[in-house]
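Please read the structure below before turning to the comments.
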Amino acid sequence: MSSIPAVKVDHLKKHFKVYKKKPGFKGSIESLWHREYETVKAVDDISFNIEQGEIVGFIGQNGAGKTTTLKVLSGLLFPTTGSVSVLGFDPWKRQAAFQKQFSLVMGQKNQLWWDLPAMETFLLNQTIYEVPEKQFRNTLDTLVEILDVKDIINIQVRKLSLGQRMKCELIASLLHNPKVLFLDEPTIGLDVVMQKSLRDFIRQYNKDFGATIILTSHYMDDVKELCERAIMIDRGKKVFDGQLSKLIDKYARNKILSLVFSKEIMKKDLKEFGTIKDWSGSTATLLVPRKEATKRAAKMLTNLPIQDLNIEEVPLEAIIREVFGEENRSHS
Amino acid sequence: MSLGKYWHLFWKFRGIQFMKMTEYRGDFLFWSFISILWTIFNFFAFSLILRVSGNIAGWNQYEMYLLLGTFTIIDAFTWSFFFENMSNYTRQIFKGELDYLLTKPVDAIFLLTTTENSYNGVFRLIIGISVIIYSLIKLNISSSLTGVSLYIILLSSGLLLMYSCWFIIATLAFWVEKLDNINQIIPGFRRILQIPRSVFTGAFSTVLTVLIPLALIASVPSEVLLGRSNLIVIIWLLISTVLTGFAGRIFFNFSIKKYSSVGS
């Protein structure tokens with residue numbers, strides 16, 4: 001790894017002034033001569049560095065400031081204060097040398113020409129990014145093969161499914177072999193099979209090209225499978241930055257014990273071991289304090305007719321909910 | 001990116017738009033038909049006036065047809081090129097959809113002003129050129145290569161001037177939440193183009209030939225073909241085109257900071 005960070009964000013703030021309309025017809029009339037504005041702090045003083053080759057998950061609720069940060073890093077939005085640097089460039093200057101080295105993929109927006117086959121967009125991007133013919137063909141062939149889209153790149157984009165379009169979006173964004181990739185909800189709306197296929201591809205791309213990747217996703221499986229490091233933001237502020245495992249250590253207070261009994265047991269017999277989430281007589285699911293999970297599991301093995309026992313981490317989604325639940329409580 | 005690459009990209013977009021047009025043949029044929037009808041009607045309306053008055057501000061029937069031919073060429077570009085791109089530009093600003101365009105390693109203004117076009121105005125363009133040739137024959141004027149070249153340069157300059165004015169007005173979209181019909185402002189003024197500049201006198205002349213010289217756009221190239229050009233006016237048309245172009249670029253670079261995109 002190089003000592004120069006691929007992405008450097010220093011006390012970044014991005015504030016928007018938004019008009020707040022009073023409800024109803026009266027509010028509309030009043031708004032003709034008097035309007036109240038408020039400042040929305042989409043990003044509020046965040047700093048972090050990302051090393052070259054890292055895949056970092058950007059976690060946060062809707063409106064937390066994830067996409068705004070990515071857009072500042074892409075040079076789309078001008079920072080209110082603070083500074084950002086990507087591969088040593090100031091993104092806002094939108095220099096061609098910088099733009100040829102990064103790509104922004106947004107799951108909810110598309111760059112493909114809707115009325116034409118995706119191949120036409122690929123050829124256009126070849127011209128825009130000045131990709132030599134040989135490199136273009138090699139990269140295209142590789143991406144088409146990995147993503148298994150050989151049969152669809154010559155079909156009108158509007159006739160493709162969401163998953164097929166997303167794969168073509170990725171190809172269009174990667175034909176110039178970007179060193180930095182900003183992926184904003186790349187798997188949104190896709191079925192689980194397609195999500196997995198895209199995740200495999202992103203991992204492979206990172207491995208093959210040593211690309212630095214920032215990923216935002218509502219699907220925690222994306223973050224869990226791809227990212228060792230996570231940055232969590234809430235209301236524009238960074239609330240966590242570190243190894244994903246440490247996030248789990250820090251915020252996951254419980255572990256899940258899944259039990260299968262060799263003979264049916266009463267619900268009251270389980271109460272002393274933890275919080276019962278599910279019980280059917282022959283099976284049960286318990287939440288137990290994380291630090292005591294092993295001890296309590298051993299005690300259950302001794303005292304109960306257990307056929308099978310499984311200790312699992314609480315799903316990341318639940319941890320995130322808990323973190324933001326705490327944040328909300330502390331703000332209220 | 002070199003100028004050659006921009007040239008290549010410009011024609012690449014034309015190719016893409018042609019492919020798009022072939023996907024929707026019915027739309028192309030319908031609007032081409034409407035465009036032809038409108039152009040014929042415009043000539044018909046002026047022919048009625050000329051039949052009664054004989055001339056307009058000293059321009060006789062065929063001189064006026066030559067001016068209208070030039071106007072028709074400009075109108076073909078107005079609807080097939082300028083309107084298509086500027087409508088797309090303002091729509092993208094209002095909807096926060098400039099994102100992908102701004103991440104490309106190509107001048108953003110180039111992309112915003114050249115990506116789109118329709119081919120509905122092709123017949124209008126052909127009619128305009130045909131009328132100019134017909135008028136020159138009727139007027140017994142044989143234009144030199146220099147004259148034709150100067151005509152093309154001044155016509156291009158006039159088109160750029162008009163497009164730059166339109167671009168500045170469309171860029172206002174960054175500053176307001178919504179501005180309906182923002183792209184009707186310049187087309188609304190284009191009526192000025194089909195009248196000889198000598199029609200405008202006093203304050204109108206100052207505004208339309210000096211401050212915002214829209215009245216020069218069709219008149220000056222037409223005067224060159226008719227052999228009655230005025231060097232000062234020609235130079236002013238060229239200078240004002242360059243100044244307006246720079247003003248558009250400066251205003252865009254200033255306004256783009258207001259771009260707020262949209263959340264996902």
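Ordered as shown in the structure tokens, chains take letters A, B, and onward, while each chain numbers its residues from 1 and ligands are numbered from 1 in the order shown.
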
Within 8 Å of chain A: each chain B residue with its shortest pair, only C-alpha atoms, as a tab-separated table:
residue	atom	partner	partner_atom	distance
B:Met1	CA	A:Ala96	CA	7.9
B:Lys5	CA	A:Thr127	CA	7.7
B:Leu9	CA	A:Thr127	CA	6.7
B:Lys12	CA	A:Leu124	CA	7.2
B:Ile16	CA	A:Glu120	CA	7.6
B:Met19	CA	A:Leu116	CA	7.6
B:Lys20	CA	A:Asp115	CA	6.3
B:Glu23	CA	A:Asp115	CA	7.6
B:Asp99	CA	A:Leu76	CA	6.3
B:Tyr100	CA	A:Gln111	CA	6.4
B:Leu102	CA	A:Leu76	CA	6.5
B:Thr103	CA	A:Gln99	CA	6.2
B:Lys104	CA	A:Gln99	CA	6.1
B:Pro105	CA	A:Ala96	CA	4.3
B:Val106	CA	A:Ile128	CA	6.7
B:Lys257	CA	A:Phe78	CA	5.7
B:Tyr259	CA	A:Leu77	CA	6.8
B:Ser260	CA	A:Leu77	CA	6.7
B:Ser261	CA	A:Leu77	CA	7.7
B:Gly263	CA	A:Thr67	CA	6.6
B:Ser264	CA	A:Gln108	CA	6.6

Residues at most 10 Å from region 124-141 of chain B, counting only C-alpha atoms, excluding those fewer than 6 positions away in the same chain, as a PDB file with N, CA and C atoms, in the first residue's frame?
ATOM      1  N   SER B  32     -41.107  16.383 -39.324  1.00  0.00           N
ATOM      2  CA  SER B  32     -40.502  16.936 -40.543  1.00  0.00           C
ATOM      3  C   SER B  32     -41.589  17.566 -41.406  1.00  0.00           C
ATOM      4  N   PHE B  33     -42.720  16.885 -41.490  1.00  0.00           N
ATOM      5  CA  PHE B  33     -43.853  17.385 -42.267  1.00  0.00           C
ATOM      6  C   PHE B  33     -44.343  18.723 -41.705  1.00  0.00           C
ATOM      7  N   SER B  35     -42.646  20.790 -39.889  1.00  0.00           N
ATOM      8  CA  SER B  35     -41.581  21.773 -40.094  1.00  0.00           C
ATOM      9  C   SER B  35     -41.649  22.345 -41.512  1.00  0.00           C
ATOM     10  N   ILE B  36     -41.886  21.486 -42.499  1.00  0.00           N
ATOM     11  CA  ILE B  36     -41.978  21.938 -43.898  1.00  0.00           C
ATOM     12  C   ILE B  36     -43.190  22.871 -44.055  1.00  0.00           C
ATOM     13  N   LEU B  37     -44.326  22.453 -43.480  1.00  0.00           N
ATOM     14  CA  LEU B  37     -45.546  23.266 -43.571  1.00  0.00           C
ATOM     15  C   LEU B  37     -45.318  24.659 -42.994  1.00  0.00           C
ATOM     16  N   TRP B  38     -44.669  24.702 -41.802  1.00  0.00           N
ATOM     17  CA  TRP B  38     -44.442  25.984 -41.127  1.00  0.00           C
ATOM     18  C   TRP B  38     -43.561  26.877 -42.000  1.00  0.00           C
ATOM     19  N   THR B  39     -42.516  26.290 -42.585  1.00  0.00           N
ATOM     20  CA  THR B  39     -41.576  27.068 -43.410  1.00  0.00           C
ATOM     21  C   THR B  39     -42.283  27.624 -44.644  1.00  0.00           C
ATOM     22  N   ILE B  40     -43.085  26.785 -45.290  1.00  0.00           N
ATOM     23  CA  ILE B  40     -43.814  27.241 -46.480  1.00  0.00           C
ATOM     24  C   ILE B  40     -44.781  28.371 -46.104  1.00  0.00           C
ATOM     25  N   PHE B  43     -42.954  31.718 -45.680  1.00  0.00           N
ATOM     26  CA  PHE B  43     -42.640  32.339 -46.971  1.00  0.00           C
ATOM     27  C   PHE B  43     -43.910  32.914 -47.609  1.00  0.00           C
ATOM     28  N   ASN B  60     -36.007  44.420 -51.755  1.00  0.00           N
ATOM     29  CA  ASN B  60     -37.044  43.991 -52.690  1.00  0.00           C
ATOM     30  C   ASN B  60     -37.428  42.522 -52.461  1.00  0.00           C
ATOM     31  N   GLN B  61     -38.324  42.011 -53.287  1.00  0.00           N
ATOM     32  CA  GLN B  61     -38.888  40.668 -53.065  1.00  0.00           C
ATOM     33  C   GLN B  61     -37.811  39.585 -52.918  1.00  0.00           C
ATOM     34  N   TYR B  62     -36.877  39.522 -53.897  1.00  0.00           N
ATOM     35  CA  TYR B  62     -35.909  38.419 -53.855  1.00  0.00           C
ATOM     36  C   TYR B  62     -34.802  38.647 -52.811  1.00  0.00           C
ATOM     37  N   GLU B  63     -34.529  39.911 -52.523  1.00  0.00           N
ATOM     38  CA  GLU B  63     -33.586  40.200 -51.420  1.00  0.00           C
ATOM     39  C   GLU B  63     -34.198  39.736 -50.090  1.00  0.00           C
ATOM     40  N   MET B  64     -35.505  39.990 -49.988  1.00  0.00           N
ATOM     41  CA  MET B  64     -36.202  39.534 -48.774  1.00  0.00           C
ATOM     42  C   MET B  64     -36.232  37.994 -48.697  1.00  0.00           C
ATOM     43  N   TYR B  65     -36.438  37.354 -49.852  1.00  0.00           N
ATOM     44  CA  TYR B  65     -36.436  35.886 -49.852  1.00  0.00           C
ATOM     45  C   TYR B  65     -35.065  35.340 -49.446  1.00  0.00           C
ATOM     46  N   LEU B  66     -34.012  36.063 -49.875  1.00  0.00           N
ATOM     47  CA  LEU B  66     -32.654  35.629 -49.484  1.00  0.00           C
ATOM     48  C   LEU B  66     -32.479  35.746 -47.967  1.00  0.00           C
ATOM     49  N   LEU B  67     -32.990  36.861 -47.417  1.00  0.00           N
ATOM     50  CA  LEU B  67     -32.924  37.039 -45.959  1.00  0.00           C
ATOM     51  C   LEU B  67     -33.745  35.952 -45.256  1.00  0.00           C
ATOM     52  N   LEU B  68     -34.936  35.681 -45.814  1.00  0.00           N
ATOM     53  CA  LEU B  68     -35.788  34.640 -45.210  1.00  0.00           C
ATOM     54  C   LEU B  68     -35.148  33.251 -45.346  1.00  0.00           C
ATOM     55  N   GLY B  69     -34.421  33.052 -46.432  1.00  0.00           N
ATOM     56  CA  GLY B  69     -33.692  31.784 -46.607  1.00  0.00           C
ATOM     57  C   GLY B  69     -32.644  31.623 -45.517  1.00  0.00           C
ATOM     58  N   THR B  70     -31.927  32.723 -45.231  1.00  0.00           N
ATOM     59  CA  THR B  70     -30.921  32.699 -44.153  1.00  0.00           C
ATOM     60  C   THR B  70     -31.601  32.443 -42.807  1.00  0.00           C
ATOM     61  N   PHE B  71     -32.733  33.141 -42.620  1.00  0.00           N
ATOM     62  CA  PHE B  71     -33.493  32.940 -41.380  1.00  0.00           C
ATOM     63  C   PHE B  71     -33.951  31.477 -41.253  1.00  0.00           C
ATOM     64  N   THR B  72     -34.347  30.895 -42.377  1.00  0.00           N
ATOM     65  CA  THR B  72     -34.830  29.503 -42.357  1.00  0.00           C
ATOM     66  C   THR B  72     -33.703  28.544 -41.948  1.00  0.00           C
ATOM     67  N   ILE B  73     -32.491  28.825 -42.424  1.00  0.00           N
ATOM     68  CA  ILE B  73     -31.338  27.990 -42.004  1.00  0.00           C
ATOM     69  C   ILE B  73     -31.144  28.122 -40.493  1.00  0.00           C
ATOM     70  N   ILE B  74     -31.192  29.377 -40.012  1.00  0.00           N
ATOM     71  CA  ILE B  74     -31.019  29.618 -38.563  1.00  0.00           C
ATOM     72  C   ILE B  74     -32.131  28.921 -37.786  1.00  0.00           C
ATOM     73  N   ASP B  75     -33.351  28.992 -38.330  1.00  0.00           N
ATOM     74  CA  ASP B  75     -34.487  28.364 -37.656  1.00  0.00           C
ATOM     75  C   ASP B  75     -34.335  26.838 -37.591  1.00  0.00           C
ATOM     76  N   ALA B  76     -33.753  26.277 -38.644  1.00  0.00           N
ATOM     77  CA  ALA B  76     -33.521  24.824 -38.642  1.00  0.00           C
ATOM     78  C   ALA B  76     -32.597  24.459 -37.481  1.00  0.00           C
ATOM     79  N   PHE B  77     -31.536  25.256 -37.285  1.00  0.00           N
ATOM     80  CA  PHE B  77     -30.620  25.003 -36.167  1.00  0.00           C
ATOM     81  C   PHE B  77     -31.296  25.287 -34.828  1.00  0.00           C
ATOM     82  N   SER B  80     -33.708  22.219 -34.268  1.00  0.00           N
ATOM     83  CA  SER B  80     -33.109  20.878 -34.319  1.00  0.00           C
ATOM     84  C   SER B  80     -31.903  20.734 -33.407  1.00  0.00           C
ATOM     85  N   SER B 222     -26.609  38.004 -44.972  1.00  0.00           N
ATOM     86  CA  SER B 222     -27.389  38.212 -46.196  1.00  0.00           C
ATOM     87  C   SER B 222     -26.849  39.412 -46.969  1.00  0.00           C
ATOM     88  N   LEU B 225     -23.880  38.513 -49.092  1.00  0.00           N
ATOM     89  CA  LEU B 225     -24.233  37.859 -50.365  1.00  0.00           C
ATOM     90  C   LEU B 225     -24.786  38.876 -51.373  1.00  0.00           C
ATOM     91  N   LEU B 226     -25.460  39.894 -50.849  1.00  0.00           N
ATOM     92  CA  LEU B 226     -26.058  40.904 -51.737  1.00  0.00           C
ATOM     93  C   LEU B 226     -25.053  41.982 -52.135  1.00  0.00           C
ATOM     94  N   GLY B 227     -23.840  41.894 -51.576  1.00  0.00           N
ATOM     95  CA  GLY B 227     -22.772  42.836 -51.933  1.00  0.00           C
ATOM     96  C   GLY B 227     -22.967  44.214 -51.336  1.00  0.00           C
TER      97      GLY B 227
END

- request: Quick one: pick out all helix (DSSP H, G or I) residues within region 37-101 of chain B from a backbone DSSP run and write them as JSON, numbers by chain.
  value: {"B": [37, 38, 39, 40, 41, 42, 43, 44, 45, 46, 47, 48, 49, 50, 51, 52, 53, 61, 62, 63, 64, 65, 66, 67, 68, 69, 70, 71, 72, 73, 74, 75, 76, 77, 78, 79, 80, 81, 82, 83, 84, 85, 86, 87, 88, 89, 90, 91, 92, 93, 94, 95, 99, 100, 101]}

Can you spit out the residues from that selection as a PDB file, in the first residue's frame, using C-alpha atoms?
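Just written: part-v2.pdb:
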ATOM      1  CA  LEU B  37     -45.546  23.266 -43.571  1.00  0.00           C
ATOM      2  CA  TRP B  38     -44.442  25.984 -41.127  1.00  0.00           C
ATOM      3  CA  THR B  39     -41.576  27.068 -43.410  1.00  0.00           C
ATOM      4  CA  ILE B  40     -43.814  27.241 -46.480  1.00  0.00           C
ATOM      5  CA  PHE B  41     -46.404  29.226 -44.524  1.00  0.00           C
ATOM      6  CA  ASN B  42     -43.753  31.729 -43.388  1.00  0.00           C
ATOM      7  CA  PHE B  43     -42.640  32.339 -46.971  1.00  0.00           C
ATOM      8  CA  PHE B  44     -46.275  32.590 -48.075  1.00  0.00           C
ATOM      9  CA  ALA B  45     -47.046  35.216 -45.392  1.00  0.00           C
ATOM     10  CA  PHE B  46     -44.105  37.388 -46.481  1.00  0.00           C
ATOM     11  CA  SER B  47     -44.959  36.949 -50.181  1.00  0.00           C
ATOM     12  CA  LEU B  48     -48.415  38.410 -49.451  1.00  0.00           C
ATOM     13  CA  ILE B  49     -46.881  41.444 -47.749  1.00  0.00           C
ATOM     14  CA  LEU B  50     -44.352  41.921 -50.545  1.00  0.00           C
ATOM     15  CA  ARG B  51     -47.057  41.624 -53.194  1.00  0.00           C
ATOM     16  CA  VAL B  52     -48.727  44.667 -51.646  1.00  0.00           C
ATOM     17  CA  SER B  53     -45.733  46.736 -50.493  1.00  0.00           C
ATOM     18  CA  GLN B  61     -38.888  40.668 -53.065  1.00  0.00           C
ATOM     19  CA  TYR B  62     -35.909  38.419 -53.855  1.00  0.00           C
ATOM     20  CA  GLU B  63     -33.586  40.200 -51.420  1.00  0.00           C
ATOM     21  CA  MET B  64     -36.202  39.534 -48.774  1.00  0.00           C
ATOM     22  CA  TYR B  65     -36.436  35.886 -49.852  1.00  0.00           C
ATOM     23  CA  LEU B  66     -32.654  35.629 -49.484  1.00  0.00           C
ATOM     24  CA  LEU B  67     -32.924  37.039 -45.959  1.00  0.00           C
ATOM     25  CA  LEU B  68     -35.788  34.640 -45.210  1.00  0.00           C
ATOM     26  CA  GLY B  69     -33.692  31.784 -46.607  1.00  0.00           C
ATOM     27  CA  THR B  70     -30.921  32.699 -44.153  1.00  0.00           C
ATOM     28  CA  PHE B  71     -33.493  32.940 -41.380  1.00  0.00           C
ATOM     29  CA  THR B  72     -34.830  29.503 -42.357  1.00  0.00           C
ATOM     30  CA  ILE B  73     -31.338  27.990 -42.004  1.00  0.00           C
ATOM     31  CA  ILE B  74     -31.019  29.618 -38.563  1.00  0.00           C
ATOM     32  CA  ASP B  75     -34.487  28.364 -37.656  1.00  0.00           C
ATOM     33  CA  ALA B  76     -33.521  24.824 -38.642  1.00  0.00           C
ATOM     34  CA  PHE B  77     -30.620  25.003 -36.167  1.00  0.00           C
ATOM     35  CA  THR B  78     -32.819  26.689 -33.563  1.00  0.00           C
ATOM     36  CA  TRP B  79     -35.294  23.832 -33.352  1.00  0.00           C
ATOM     37  CA  SER B  80     -33.109  20.878 -34.319  1.00  0.00           C
ATOM     38  CA  PHE B  81     -30.031  21.742 -32.295  1.00  0.00           C
ATOM     39  CA  PHE B  82     -30.299  24.650 -29.863  1.00  0.00           C
ATOM     40  CA  PHE B  83     -33.743  23.883 -28.516  1.00  0.00           C
ATOM     41  CA  GLU B  84     -32.973  20.176 -28.088  1.00  0.00           C
ATOM     42  CA  ASN B  85     -29.760  20.821 -26.129  1.00  0.00           C
ATOM     43  CA  MET B  86     -31.009  23.732 -24.054  1.00  0.00           C
ATOM     44  CA  SER B  87     -34.208  21.878 -23.109  1.00  0.00           C
ATOM     45  CA  ASN B  88     -32.098  18.953 -21.991  1.00  0.00           C
ATOM     46  CA  TYR B  89     -29.711  21.298 -20.135  1.00  0.00           C
ATOM     47  CA  THR B  90     -32.383  23.084 -18.097  1.00  0.00           C
ATOM     48  CA  ARG B  91     -34.269  19.844 -17.433  1.00  0.00           C
ATOM     49  CA  GLN B  92     -31.081  18.288 -16.059  1.00  0.00           C
ATOM     50  CA  ILE B  93     -30.464  21.309 -13.805  1.00  0.00           C
ATOM     51  CA  PHE B  94     -34.015  21.399 -12.443  1.00  0.00           C
ATOM     52  CA  LYS B  95     -34.053  17.647 -11.893  1.00  0.00           C
ATOM     53  CA  ASP B  99     -24.166  14.179 -12.425  1.00  0.00           C
ATOM     54  CA  TYR B 100     -22.842  11.822 -15.068  1.00  0.00           C
ATOM     55  CA  LEU B 101     -22.167  14.595 -17.532  1.00  0.00           C
TER      56      LEU B 101
END

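You can rank B:Trp11, B:Phe189, B:Tyr151, B:Tyr163 by their closest distance to Thr241 (chain B) using only C-alpha atoms, and at the top of that list sits B:Tyr163.
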
message: Using only C-alpha atoms for the distances, tell me which of A:Asp45, A:Glu30, A:Glu38, A:Asp200 is nearest to Ile233 (chain A).
response: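 Ranking A:Asp45, A:Glu30, A:Glu38, A:Asp200 by distance to Ile233 (chain A), first place goes to A:Asp45.
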
message: Taking the DSSP secondary structure from the backbone, can you list the residues of region 128-326 of chain A that are strand (DSSP E or B), as a PyMOL selection string?
response: chain A and resi 156+180-184+212-216+229-234+237-243+254-261+275-279+283-289+306-313

message: So the first atom is CA of Val224 (chain B) and the second is CA of Met162 (chain B); what is the distance between them in Å, to one decimal place?
response: 19.1 Å

message: Which residues are close to Lys263 (chain A), i.e. within 12 Å by only C-alpha atoms, leaving aside same-chain residues fewer than 4 positions away? Reply as an NGL selection string.
response: :A and (259 or 280-283 or 304-308)

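With only C-alpha atoms as the atoms that count, the residue of B:Arg14, B:Arg25, B:Arg190, B:Arg197 with the shortest distance to Thr114 (chain B) is B:Arg14.
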
Nearest candidate to Glu264 (chain A) (options A:Trp279, A:Ile155, A:Leu244, A:Glu51; using only C-alpha atoms): A:Trp279

- prompt: So which one's closest to Ile192 (chain B), B:Val122, B:Ala218, B:Leu179, B:Ile169? Using only C-alpha atoms, please.
  reply: B:Ala218

task: Please provide as a PyMOL selection string all residues within 8 Å of Val131 (chain A), with the sequence filter that same-chain residues fewer than 5 positions apart are discarded (counting only C-alpha atoms).
output: chain A and resi 126+136+175-176

message: Between CA of Lys268 (chain A) and CA of Val288 (chain A), what distance in Å does the model show, to one decimal?
response: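 So the two atoms, CA of Lys268 (chain A) and CA of Val288 (chain A), lie 15.6 Å apart.
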